[in-house]
$ cat entry-v3.cif   # mmCIF, C-alpha atoms
data_target
loop_
_atom_site.label_atom_id
_atom_site.label_comp_id
_atom_site.auth_asym_id
_atom_site.auth_seq_id
_atom_site.Cartn_x
_atom_site.Cartn_y
_atom_site.Cartn_z
CA MET A 1 -56.80 -9.28 68.10
CA GLU A 2 -58.36 -9.79 71.55
CA TYR A 3 -57.82 -13.57 71.24
CA ARG A 4 -54.12 -13.08 70.41
CA TYR A 5 -53.76 -10.73 73.35
CA LYS A 6 -55.19 -13.34 75.73
CA ILE A 7 -52.83 -15.98 74.32
CA LEU A 8 -49.87 -13.65 74.87
CA ILE A 9 -50.91 -13.01 78.49
CA PHE A 10 -51.31 -16.76 79.06
CA VAL A 11 -47.83 -17.52 77.67
CA MET A 12 -46.24 -14.80 79.80
CA CYS A 13 -47.92 -16.17 82.92
CA CYS A 14 -46.65 -19.66 82.14
CA LEU A 15 -43.10 -18.36 81.70
CA LEU A 16 -43.25 -16.49 85.00
CA CYS A 17 -44.52 -19.64 86.70
CA ILE A 18 -41.67 -21.70 85.25
CA MET A 19 -39.08 -19.13 86.33
CA SER A 20 -40.56 -19.02 89.81
CA CYS A 21 -40.37 -22.79 90.14
CA ALA A 22 -36.78 -22.77 88.91
CA ASN A 23 -35.83 -20.18 91.52
CA GLU A 24 -37.17 -22.47 94.23
CA GLN A 25 -35.15 -25.50 93.15
CA THR A 26 -33.27 -27.09 96.04
CA LEU A 27 -30.64 -29.80 96.46
CA PRO A 28 -29.63 -31.92 99.47
CA PRO A 29 -26.41 -30.62 101.10
CA ILE A 30 -24.06 -33.17 99.52
CA GLU A 31 -25.52 -32.69 96.03
CA TYR A 32 -25.41 -28.92 96.48
CA VAL A 33 -21.70 -29.03 97.35
CA GLN A 34 -20.96 -31.15 94.28
CA TRP A 35 -22.99 -28.78 92.11
CA ILE A 36 -20.91 -25.81 93.30
CA LYS A 37 -17.68 -27.75 92.71
CA ASN A 38 -18.64 -28.56 89.11
CA PRO A 39 -16.61 -26.14 86.93
CA LYS A 40 -19.41 -26.13 84.35
CA ASN A 41 -21.57 -24.09 86.73
CA GLY A 42 -19.18 -21.14 86.82
CA PHE A 43 -18.14 -21.06 90.48
CA ILE A 44 -14.58 -22.11 89.58
CA GLN A 45 -12.41 -20.14 87.16
CA SER A 46 -8.84 -20.95 86.10
CA LYS A 47 -6.07 -19.47 83.98
CA THR A 48 -2.64 -20.86 83.12
CA VAL A 49 0.26 -18.46 82.65
CA ASN A 50 3.59 -20.06 81.75
CA LYS A 51 4.12 -22.91 84.24
CA PHE A 52 1.57 -21.78 86.84
CA GLU A 53 -2.17 -22.42 86.97
CA PHE A 54 -4.27 -19.92 88.93
CA THR A 55 -7.66 -21.14 90.17
CA ALA A 56 -10.28 -19.28 92.20
CA GLN A 57 -13.47 -20.82 93.57
CA TYR A 58 -16.31 -18.64 94.79
CA LYS A 59 -17.94 -20.12 97.90
CA PRO A 60 -21.58 -19.11 98.57
CA LEU A 61 -22.52 -19.07 102.25
CA ASP A 62 -24.78 -22.11 101.80
CA PHE A 63 -21.79 -24.01 100.40
CA ILE A 64 -19.56 -23.07 103.35
CA VAL A 65 -22.15 -24.20 105.89
CA ALA A 66 -22.79 -27.47 104.05
CA GLN A 67 -19.08 -28.25 104.03
CA GLU A 68 -18.77 -27.44 107.72
CA GLU A 69 -21.71 -29.61 108.75
CA ARG A 70 -20.83 -32.58 106.50
CA SER A 71 -24.33 -33.97 106.96
CA LEU A 72 -26.93 -35.61 104.74
CA SER A 73 -29.48 -33.11 106.03
CA LEU A 74 -29.35 -29.57 107.37
CA SER A 75 -31.77 -27.66 109.55
CA LYS A 76 -32.92 -24.24 108.42
CA LYS A 77 -32.09 -22.80 111.85
CA ILE A 78 -28.45 -23.95 111.72
CA LEU A 79 -28.09 -22.71 108.17
CA GLU A 80 -29.46 -19.24 108.85
CA THR A 81 -27.57 -18.84 112.15
CA ARG A 82 -24.24 -19.77 110.60
CA LYS A 83 -24.83 -17.53 107.56
CA LYS A 84 -25.40 -14.56 109.87
CA GLU A 85 -22.15 -15.36 111.66
CA LEU A 86 -20.27 -15.49 108.34
CA GLY A 87 -21.76 -12.16 107.28
CA GLU A 88 -23.92 -11.41 104.26
CA SER A 89 -21.58 -8.63 103.08
CA TYR A 90 -18.58 -10.92 102.58
CA LEU A 91 -17.65 -12.85 99.44
CA HIS A 92 -15.59 -15.96 100.20
CA TYR A 93 -13.10 -17.65 97.88
CA ASN A 94 -10.47 -20.35 97.77
CA PHE A 95 -7.47 -19.44 95.64
CA ARG A 96 -4.84 -21.92 94.41
CA ILE A 97 -1.57 -21.44 92.55
CA LYS A 98 -0.27 -24.67 91.06
CA ASN A 99 3.10 -25.53 89.54
CA LYS A 100 2.17 -27.59 86.47
CA GLU A 101 5.72 -28.51 85.52
CA GLY A 102 7.14 -30.08 88.66
CA SER A 103 6.53 -31.49 92.13
CA LEU A 104 7.60 -28.40 94.09
CA SER A 105 5.06 -25.81 95.21
CA PRO A 106 5.34 -22.24 93.87
CA VAL A 107 7.25 -21.36 97.04
CA GLY A 108 10.24 -23.44 95.99
CA ALA A 109 9.75 -23.92 92.23
CA ASP A 110 12.83 -22.52 90.46
CA ALA A 111 13.79 -20.48 93.51
CA PRO A 112 17.49 -19.70 92.88
CA SER A 113 18.42 -19.38 96.56
CA ASN A 114 17.18 -19.87 100.10
CA GLN A 115 16.79 -16.09 100.30
CA GLU A 116 14.35 -16.17 97.39
CA TYR A 117 12.53 -19.10 98.99
CA GLN A 118 12.10 -17.16 102.24
CA LYS A 119 10.96 -14.09 100.30
CA ARG A 120 8.21 -16.08 98.58
CA LEU A 121 7.21 -17.77 101.81
CA GLY A 122 6.88 -14.44 103.58
CA TYR A 123 4.89 -13.00 100.68
CA PHE A 124 2.42 -15.89 100.54
CA THR A 125 2.05 -15.87 104.33
CA PHE A 126 1.52 -12.15 104.89
CA ASP A 127 1.98 -9.58 102.10
CA MET A 128 -0.05 -11.24 99.34
CA GLN A 129 -3.32 -10.07 100.93
CA ASP A 130 -2.64 -6.53 99.71
CA ASP A 131 -2.49 -7.76 96.09
CA LEU A 132 -5.92 -9.40 96.00
CA TYR A 133 -9.21 -7.63 95.28
CA LEU A 134 -12.47 -7.89 93.36
CA LEU A 135 -13.72 -5.52 90.66
CA SER A 136 -17.44 -5.00 90.12
CA GLY A 137 -18.21 -2.18 87.73
CA GLN A 138 -16.74 0.94 89.36
CA ASP A 139 -16.50 -0.73 92.78
CA THR A 140 -13.48 -2.43 94.32
CA PHE A 141 -13.92 -4.99 97.09
CA PRO A 142 -10.79 -5.29 99.28
CA CYS A 143 -9.43 -8.55 100.67
CA VAL A 144 -10.15 -8.41 104.42
CA MET A 145 -9.74 -12.09 105.34
CA PHE A 146 -6.64 -14.02 104.35
CA GLN A 147 -5.23 -17.40 105.36
CA PHE A 148 -2.30 -19.18 103.74
CA VAL A 149 -2.94 -22.92 104.01
CA ARG A 150 0.55 -24.30 104.66
CA ASN A 151 1.37 -27.66 103.08
CA TYR A 152 5.15 -27.51 103.66
CA ASP A 153 5.86 -28.09 99.95
CA VAL A 154 4.48 -31.63 99.89
CA THR A 155 2.14 -30.68 97.02
CA PRO A 156 2.84 -28.72 93.82
CA TYR A 157 0.47 -25.93 94.82
CA VAL A 158 -0.22 -23.28 97.45
CA GLU A 159 -3.75 -22.52 98.60
CA PHE A 160 -5.47 -19.63 100.33
CA ALA A 161 -8.82 -19.05 102.04
CA ILE A 162 -9.80 -15.43 101.46
CA GLY A 163 -12.73 -13.08 101.89
CA PHE A 164 -13.68 -9.76 100.32
CA LYS A 165 -15.89 -7.05 101.79
CA LYS A 166 -18.59 -5.44 99.69
CA LYS A 167 -20.74 -2.49 100.65
CA GLU A 168 -23.65 -3.19 102.95
CA ASN A 169 -27.01 -4.00 101.31
CA ILE A 170 -25.48 -4.08 97.82
CA THR A 171 -27.04 -6.62 95.45
CA ILE A 172 -24.60 -7.88 92.84
CA ASN A 173 -26.17 -7.49 89.40
CA GLN A 174 -23.08 -7.62 87.20
CA ASP A 175 -19.97 -9.69 86.56
CA ILE A 176 -17.10 -9.67 89.06
CA THR A 177 -13.40 -9.93 88.25
CA PHE A 178 -11.08 -11.64 90.72
CA VAL A 179 -7.69 -9.88 90.57
CA PHE A 180 -4.26 -11.01 91.81
CA GLU A 181 -1.32 -8.66 91.24
CA ASP A 182 1.61 -11.07 91.60
CA ARG A 183 4.89 -9.64 92.94
CA VAL A 184 7.09 -12.73 93.37
CA LEU A 185 6.50 -15.20 90.53
CA GLY A 186 6.88 -12.77 87.65
CA MET A 187 3.36 -13.47 86.32
CA GLY A 188 2.05 -9.90 86.47
CA THR A 189 -1.67 -9.24 86.95
CA ILE A 190 -3.96 -12.29 86.90
CA LYS A 191 -7.68 -11.73 86.25
CA LEU A 192 -10.43 -14.35 86.57
CA LEU A 193 -13.97 -13.45 85.46
CA PHE A 194 -17.04 -14.66 87.36
CA LYS A 195 -20.39 -14.13 85.63
CA LYS A 196 -23.16 -12.43 87.56
CA HIS A 197 -25.39 -15.54 87.62
CA VAL A 198 -22.88 -17.08 90.05
CA PHE A 199 -23.75 -14.44 92.65
CA GLN A 200 -27.46 -14.70 91.91
CA ASN A 201 -27.40 -18.45 92.54
CA THR A 202 -30.91 -19.84 91.99
CA LEU A 203 -30.22 -23.24 93.56
CA LYS A 204 -30.53 -23.51 97.33
CA ILE A 205 -29.83 -26.14 99.96
CA LYS A 206 -32.77 -28.30 100.95
CA THR A 207 -33.34 -27.78 104.68
CA LEU A 208 -35.40 -29.50 107.35
#
$ encode --input "entry-v3.cif" --output "structure tokens"
Amino acid sequence: MEYRYKILIFVMCCLLCIMSCANEQTLPPIEYVQWIKNPKNGFIQSKTVNKFEFTAQYKPLDFIVAQEERSLSLSKKILETRKKELGESYLHYNFRIKNKEGSLSPVGADAPSNQEYQKRLGYFTFDMQDDLYLLSGQDTFPCVMFQFVRNYDVTPYVEFAIGFKKKENITINQDITFVFEDRVLGMGTIKLLFKKHVFQNTLKIKTL
């Protein structure tokens, strides 16, 4: 019995060591960005409703800094300074609505009149912010940063850079649902589920 107990302790120690090593895994900035962009890793979620595809990408702070710097290497000082500026209590996303059945963006797709076109444009530019939020258990994270990336209808999609505010010093230990309550396209409520491992990202950027 004592021998089996020692074996069990040894196995548990090995597993803890392996998990610890995994948590310390790092990637160079460019590889890290590509890893985040790979849909298989869960940072990008999509749903198609009728003719429109809705896609949200969660952007960890390390990812944002790596994209800003566009460098083969990144210093730890620059990374930490920029992350503090971005704010640890904010969750950043890109959100895209794509027309899958034509060349017009959702602003003009099937808009019956110029009045409807202007209504959609105004909604996507200003009012849409009020219809975006995150759900985490009993908590709701409001959209506090919102930017409509204008493309003047030269692409079949509209895109937004958005940020949500969570409570200070809250560690995310459950899934989060990205919610968009559409009021102009007739799609109703769109929900995209992000698993908790996305917010507990074990991979980090390799720094100098």
$ resolve_selection --input "entry-v3.cif" --expression "the PyMOL selection byres ((chain A and resi 60) around 12)" --output "number ranges by chain"
A: 32-33, 35-37, 43-44, 57-59, 61-67, 83, 86-94, 163, 198-205
$ resolve_selection --input "entry-v3.cif" --expression "the PyMOL selection byres ((chain A and resi 141-143) around 8)" --output "PDB file with C-alpha atoms, keeping the file's coordinate frame"
ATOM      1  CA  GLN A 129      -3.320 -10.070 100.930  1.00  0.00           C
ATOM      2  CA  ASP A 130      -2.640  -6.530  99.710  1.00  0.00           C
ATOM      3  CA  LEU A 132      -5.920  -9.400  96.000  1.00  0.00           C
ATOM      4  CA  TYR A 133      -9.210  -7.630  95.280  1.00  0.00           C
ATOM      5  CA  LEU A 134     -12.470  -7.890  93.360  1.00  0.00           C
ATOM      6  CA  LEU A 135     -13.720  -5.520  90.660  1.00  0.00           C
ATOM      7  CA  SER A 136     -17.440  -5.000  90.120  1.00  0.00           C
ATOM      8  CA  ASP A 139     -16.500  -0.730  92.780  1.00  0.00           C
ATOM      9  CA  THR A 140     -13.480  -2.430  94.320  1.00  0.00           C
ATOM     10  CA  VAL A 144     -10.150  -8.410 104.420  1.00  0.00           C
ATOM     11  CA  MET A 145      -9.740 -12.090 105.340  1.00  0.00           C
ATOM     12  CA  PHE A 146      -6.640 -14.020 104.350  1.00  0.00           C
ATOM     13  CA  ILE A 162      -9.800 -15.430 101.460  1.00  0.00           C
ATOM     14  CA  GLY A 163     -12.730 -13.080 101.890  1.00  0.00           C
ATOM     15  CA  PHE A 164     -13.680  -9.760 100.320  1.00  0.00           C
ATOM     16  CA  LYS A 165     -15.890  -7.050 101.790  1.00  0.00           C
ATOM     17  CA  LYS A 166     -18.590  -5.440  99.690  1.00  0.00           C
TER      18      LYS A 166
END
$ residues_around --input "entry-v3.cif" --residues "A:Phe148" --least-positions-apart "5" --cutoff "9 Å" --atoms "only C-alpha atoms" --output "MDAnalysis selection string"
chainID A and resid 124:126 158:162
$ residues_around --input "entry-v3.cif" --residues "A:Lys98" --least-positions-apart "5" --cutoff "8 Å" --atoms "all atoms listed in the file" --output "list in words"
Phe52, Glu53, Phe54, Ser105, Pro106, Pro156, Tyr157 and Val158 of chain A
$ atom_distance --input "entry-v3.cif" --atom1 "atom CA of A:Ile97" --atom2 "atom CA of A:Leu193"
16.4 Å
$ resolve_selection --input "entry-v3.cif" --expression "the PyMOL selection byres ((chain A and resi 108) around 10)" --output "NGL selection string"
:A and (99 or 103-107 or 109-114 or 116-118 or 120-121 or 153 or 156)
$ closest_residue --input "entry-v3.cif" --among "A:Phe194, A:Glu85, A:Leu74, A:Ile176" --to "A:Pro39" --atoms "all atoms listed in the file"
A:Phe194
$ atom_distance --input "entry-v3.cif" --atom1 "atom CA of A:Val179" --atom2 "atom CA of A:Leu192"
6.6 Å
$ atom_distance --input "entry-v3.cif" --atom1 "atom CA of A:Glu68" --atom2 "atom CA of A:Ala56"
19.5 Å
$ axis_aligned_box --input "entry-v3.cif" --around "stretch 46-65 of chain A" --padding-each-side "4 Å" --output "JSON"
{"center_x": -10.3, "center_y": -21.3, "center_z": 93.8, "size_x": 36.9, "size_y": 13.7, "size_z": 32.1}
$ closest_residue --input "entry-v3.cif" --among "A:Gly102, A:Gly42, A:Pro28, A:Gly137" --to "A:Ser75" --atoms "only C-alpha atoms"
A:Pro28
$ decode --input "entry-v3.cif" --residues "stretch 33-83 of chain A" --atoms "N, CA and C atoms" --output "JSON list (two decimals), in the first residue's frame"
[["chain", "number", "residue", "atom", "x", "y", "z"],
["A", 33, "VAL", "N", 0.34, 36.08, -32.90],
["A", 33, "VAL", "CA", -0.78, 36.71, -33.61],
["A", 33, "VAL", "C", -1.50, 35.69, -34.49],
["A", 34, "GLN", "N", -0.74, 34.88, -35.20],
["A", 34, "GLN", "CA", -1.35, 33.86, -36.06],
["A", 34, "GLN", "C", -2.09, 32.81, -35.25],
["A", 35, "TRP", "N", -1.57, 32.48, -34.07],
["A", 35, "TRP", "CA", -2.22, 31.51, -33.19],
["A", 35, "TRP", "C", -3.58, 32.05, -32.72],
["A", 36, "ILE", "N", -3.63, 33.32, -32.37],
["A", 36, "ILE", "CA", -4.89, 33.93, -31.95],
["A", 36, "ILE", "C", -5.89, 33.96, -33.10],
["A", 37, "LYS", "N", -5.40, 34.21, -34.32],
["A", 37, "LYS", "CA", -6.27, 34.32, -35.49],
["A", 37, "LYS", "C", -6.78, 32.97, -36.00],
["A", 38, "ASN", "N", -6.21, 31.89, -35.51],
["A", 38, "ASN", "CA", -6.64, 30.56, -35.93],
["A", 38, "ASN", "C", -7.98, 30.21, -35.27],
["A", 39, "PRO", "N", -9.05, 30.08, -36.04],
["A", 39, "PRO", "CA", -10.37, 29.82, -35.46],
["A", 39, "PRO", "C", -10.41, 28.57, -34.59],
["A", 40, "LYS", "N", -9.52, 27.62, -34.82],
["A", 40, "LYS", "CA", -9.50, 26.39, -34.05],
["A", 40, "LYS", "C", -9.20, 26.63, -32.57],
["A", 41, "ASN", "N", -8.58, 27.78, -32.26],
["A", 41, "ASN", "CA", -8.18, 28.05, -30.88],
["A", 41, "ASN", "C", -9.25, 28.79, -30.07],
["A", 42, "GLY", "N", -10.37, 29.09, -30.70],
["A", 42, "GLY", "CA", -11.53, 29.59, -29.96],
["A", 42, "GLY", "C", -11.66, 31.09, -29.79],
["A", 43, "PHE", "N", -10.71, 31.87, -30.30],
["A", 43, "PHE", "CA", -10.77, 33.31, -30.13],
["A", 43, "PHE", "C", -11.69, 33.98, -31.15],
["A", 44, "ILE", "N", -12.11, 33.23, -32.17],
["A", 44, "ILE", "CA", -13.02, 33.72, -33.20],
["A", 44, "ILE", "C", -14.27, 32.84, -33.23],
["A", 45, "GLN", "N", -15.43, 33.47, -33.13],
["A", 45, "GLN", "CA", -16.69, 32.74, -33.19],
["A", 45, "GLN", "C", -17.61, 33.38, -34.22],
["A", 46, "SER", "N", -18.30, 32.54, -35.00],
["A", 46, "SER", "CA", -19.16, 33.05, -36.07],
["A", 46, "SER", "C", -20.52, 32.35, -36.06],
["A", 47, "LYS", "N", -21.50, 33.05, -36.62],
["A", 47, "LYS", "CA", -22.83, 32.48, -36.78],
["A", 47, "LYS", "C", -23.47, 33.12, -38.02],
["A", 48, "THR", "N", -24.09, 32.30, -38.85],
["A", 48, "THR", "CA", -24.78, 32.80, -40.03],
["A", 48, "THR", "C", -26.28, 32.74, -39.81],
["A", 49, "VAL", "N", -26.94, 33.87, -40.02],
["A", 49, "VAL", "CA", -28.39, 33.95, -39.91],
["A", 49, "VAL", "C", -28.91, 34.55, -41.22],
["A", 50, "ASN", "N", -29.69, 33.76, -41.95],
["A", 50, "ASN", "CA", -30.16, 34.16, -43.27],
["A", 50, "ASN", "C", -28.97, 34.53, -44.15],
["A", 51, "LYS", "N", -28.89, 35.73, -44.65],
["A", 51, "LYS", "CA", -27.83, 36.11, -45.58],
["A", 51, "LYS", "C", -26.63, 36.75, -44.90],
["A", 52, "PHE", "N", -26.70, 36.95, -43.58],
["A", 52, "PHE", "CA", -25.62, 37.65, -42.89],
["A", 52, "PHE", "C", -24.81, 36.72, -41.99],
["A", 53, "GLU", "N", -23.50, 36.92, -42.02],
["A", 53, "GLU", "CA", -22.59, 36.19, -41.14],
["A", 53, "GLU", "C", -22.07, 37.15, -40.07],
["A", 54, "PHE", "N", -22.20, 36.76, -38.82],
["A", 54, "PHE", "CA", -21.76, 37.58, -37.69],
["A", 54, "PHE", "C", -20.52, 36.93, -37.08],
["A", 55, "THR", "N", -19.43, 37.69, -37.00],
["A", 55, "THR", "CA", -18.17, 37.15, -36.50],
["A", 55, "THR", "C", -17.57, 38.08, -35.46],
["A", 56, "ALA", "N", -17.23, 37.51, -34.30],
["A", 56, "ALA", "CA", -16.57, 38.27, -33.24],
["A", 56, "ALA", "C", -15.22, 37.64, -32.95],
["A", 57, "GLN", "N", -14.21, 38.47, -32.78],
["A", 57, "GLN", "CA", -12.88, 37.99, -32.41],
["A", 57, "GLN", "C", -12.45, 38.65, -31.11],
["A", 58, "TYR", "N", -12.19, 37.83, -30.11],
["A", 58, "TYR", "CA", -11.65, 38.35, -28.85],
["A", 58, "TYR", "C", -10.16, 38.65, -29.03],
["A", 59, "LYS", "N", -9.73, 39.83, -28.54],
["A", 59, "LYS", "CA", -8.35, 40.26, -28.72],
["A", 59, "LYS", "C", -7.67, 40.43, -27.35],
["A", 60, "PRO", "N", -6.88, 39.44, -26.92],
["A", 60, "PRO", "CA", -6.12, 39.61, -25.68],
["A", 60, "PRO", "C", -5.19, 40.82, -25.79],
["A", 61, "LEU", "N", -4.80, 41.39, -24.67],
["A", 61, "LEU", "CA", -3.95, 42.57, -24.69],
["A", 61, "LEU", "C", -2.61, 42.29, -25.38],
["A", 62, "ASP", "N", -2.05, 41.09, -25.15],
["A", 62, "ASP", "CA", -0.79, 40.74, -25.80],
["A", 62, "ASP", "C", -0.94, 40.78, -27.32],
["A", 63, "PHE", "N", -2.08, 40.33, -27.80],
["A", 63, "PHE", "CA", -2.36, 40.31, -29.24],
["A", 63, "PHE", "C", -2.42, 41.73, -29.80],
["A", 64, "ILE", "N", -3.09, 42.63, -29.08],
["A", 64, "ILE", "CA", -3.22, 44.01, -29.53],
["A", 64, "ILE", "C", -1.85, 44.67, -29.63],
["A", 65, "VAL", "N", -1.03, 44.48, -28.61],
["A", 65, "VAL", "CA", 0.30, 45.09, -28.60],
["A", 65, "VAL", "C", 1.16, 44.53, -29.73],
["A", 66, "ALA", "N", 1.10, 43.23, -29.94],
["A", 66, "ALA", "CA", 1.88, 42.59, -31.01],
["A", 66, "ALA", "C", 1.48, 43.13, -32.37],
["A", 67, "GLN", "N", 0.19, 43.35, -32.58],
["A", 67, "GLN", "CA", -0.27, 43.90, -33.85],
["A", 67, "GLN", "C", 0.16, 45.36, -34.02],
["A", 68, "GLU", "N", 0.17, 46.10, -32.94],
["A", 68, "GLU", "CA", 0.59, 47.50, -33.01],
["A", 68, "GLU", "C", 2.08, 47.61, -33.33],
["A", 69, "GLU", "N", 2.88, 46.78, -32.70],
["A", 69, "GLU", "CA", 4.33, 46.88, -32.86],
["A", 69, "GLU", "C", 4.82, 46.33, -34.19],
["A", 70, "ARG", "N", 4.14, 45.29, -34.69],
["A", 70, "ARG", "CA", 4.51, 44.68, -35.99],
["A", 70, "ARG", "C", 6.02, 44.40, -36.06],
["A", 71, "SER", "N", 6.51, 43.73, -35.04],
["A", 71, "SER", "CA", 7.95, 43.47, -34.94],
["A", 71, "SER", "C", 8.22, 41.99, -34.71],
["A", 72, "LEU", "N", 9.40, 41.55, -35.14],
["A", 72, "LEU", "CA", 9.78, 40.16, -34.92],
["A", 72, "LEU", "C", 10.07, 39.86, -33.46],
["A", 73, "SER", "N", 10.38, 40.92, -32.70],
["A", 73, "SER", "CA", 10.65, 40.76, -31.28],
["A", 73, "SER", "C", 9.97, 41.89, -30.51],
["A", 74, "LEU", "N", 9.78, 41.68, -29.22],
["A", 74, "LEU", "CA", 9.06, 42.64, -28.40],
["A", 74, "LEU", "C", 9.68, 42.68, -27.01],
["A", 75, "SER", "N", 9.96, 43.88, -26.54],
["A", 75, "SER", "CA", 10.55, 43.99, -25.20],
["A", 75, "SER", "C", 9.47, 43.87, -24.14],
["A", 76, "LYS", "N", 9.84, 43.30, -23.01],
["A", 76, "LYS", "CA", 8.90, 43.13, -21.92],
["A", 76, "LYS", "C", 8.41, 44.48, -21.41],
["A", 77, "LYS", "N", 9.28, 45.48, -21.41],
["A", 77, "LYS", "CA", 8.91, 46.80, -20.91],
["A", 77, "LYS", "C", 7.83, 47.44, -21.78],
["A", 78, "ILE", "N", 8.00, 47.36, -23.11],
["A", 78, "ILE", "CA", 6.99, 47.92, -24.02],
["A", 78, "ILE", "C", 5.67, 47.19, -23.86],
["A", 79, "LEU", "N", 5.74, 45.87, -23.76],
["A", 79, "LEU", "CA", 4.53, 45.07, -23.62],
["A", 79, "LEU", "C", 3.75, 45.45, -22.37],
["A", 80, "GLU", "N", 4.42, 45.49, -21.23],
["A", 80, "GLU", "CA", 3.75, 45.76, -19.97],
["A", 80, "GLU", "C", 3.23, 47.20, -19.91],
["A", 81, "THR", "N", 4.01, 48.15, -20.45],
["A", 81, "THR", "CA", 3.59, 49.55, -20.45],
["A", 81, "THR", "C", 2.32, 49.73, -21.27],
["A", 82, "ARG", "N", 2.31, 49.15, -22.45],
["A", 82, "ARG", "CA", 1.15, 49.30, -23.34],
["A", 82, "ARG", "C", -0.08, 48.59, -22.76],
["A", 83, "LYS", "N", 0.11, 47.45, -22.12],
["A", 83, "LYS", "CA", -1.02, 46.72, -21.52],
["A", 83, "LYS", "C", -1.65, 47.54, -20.40]]
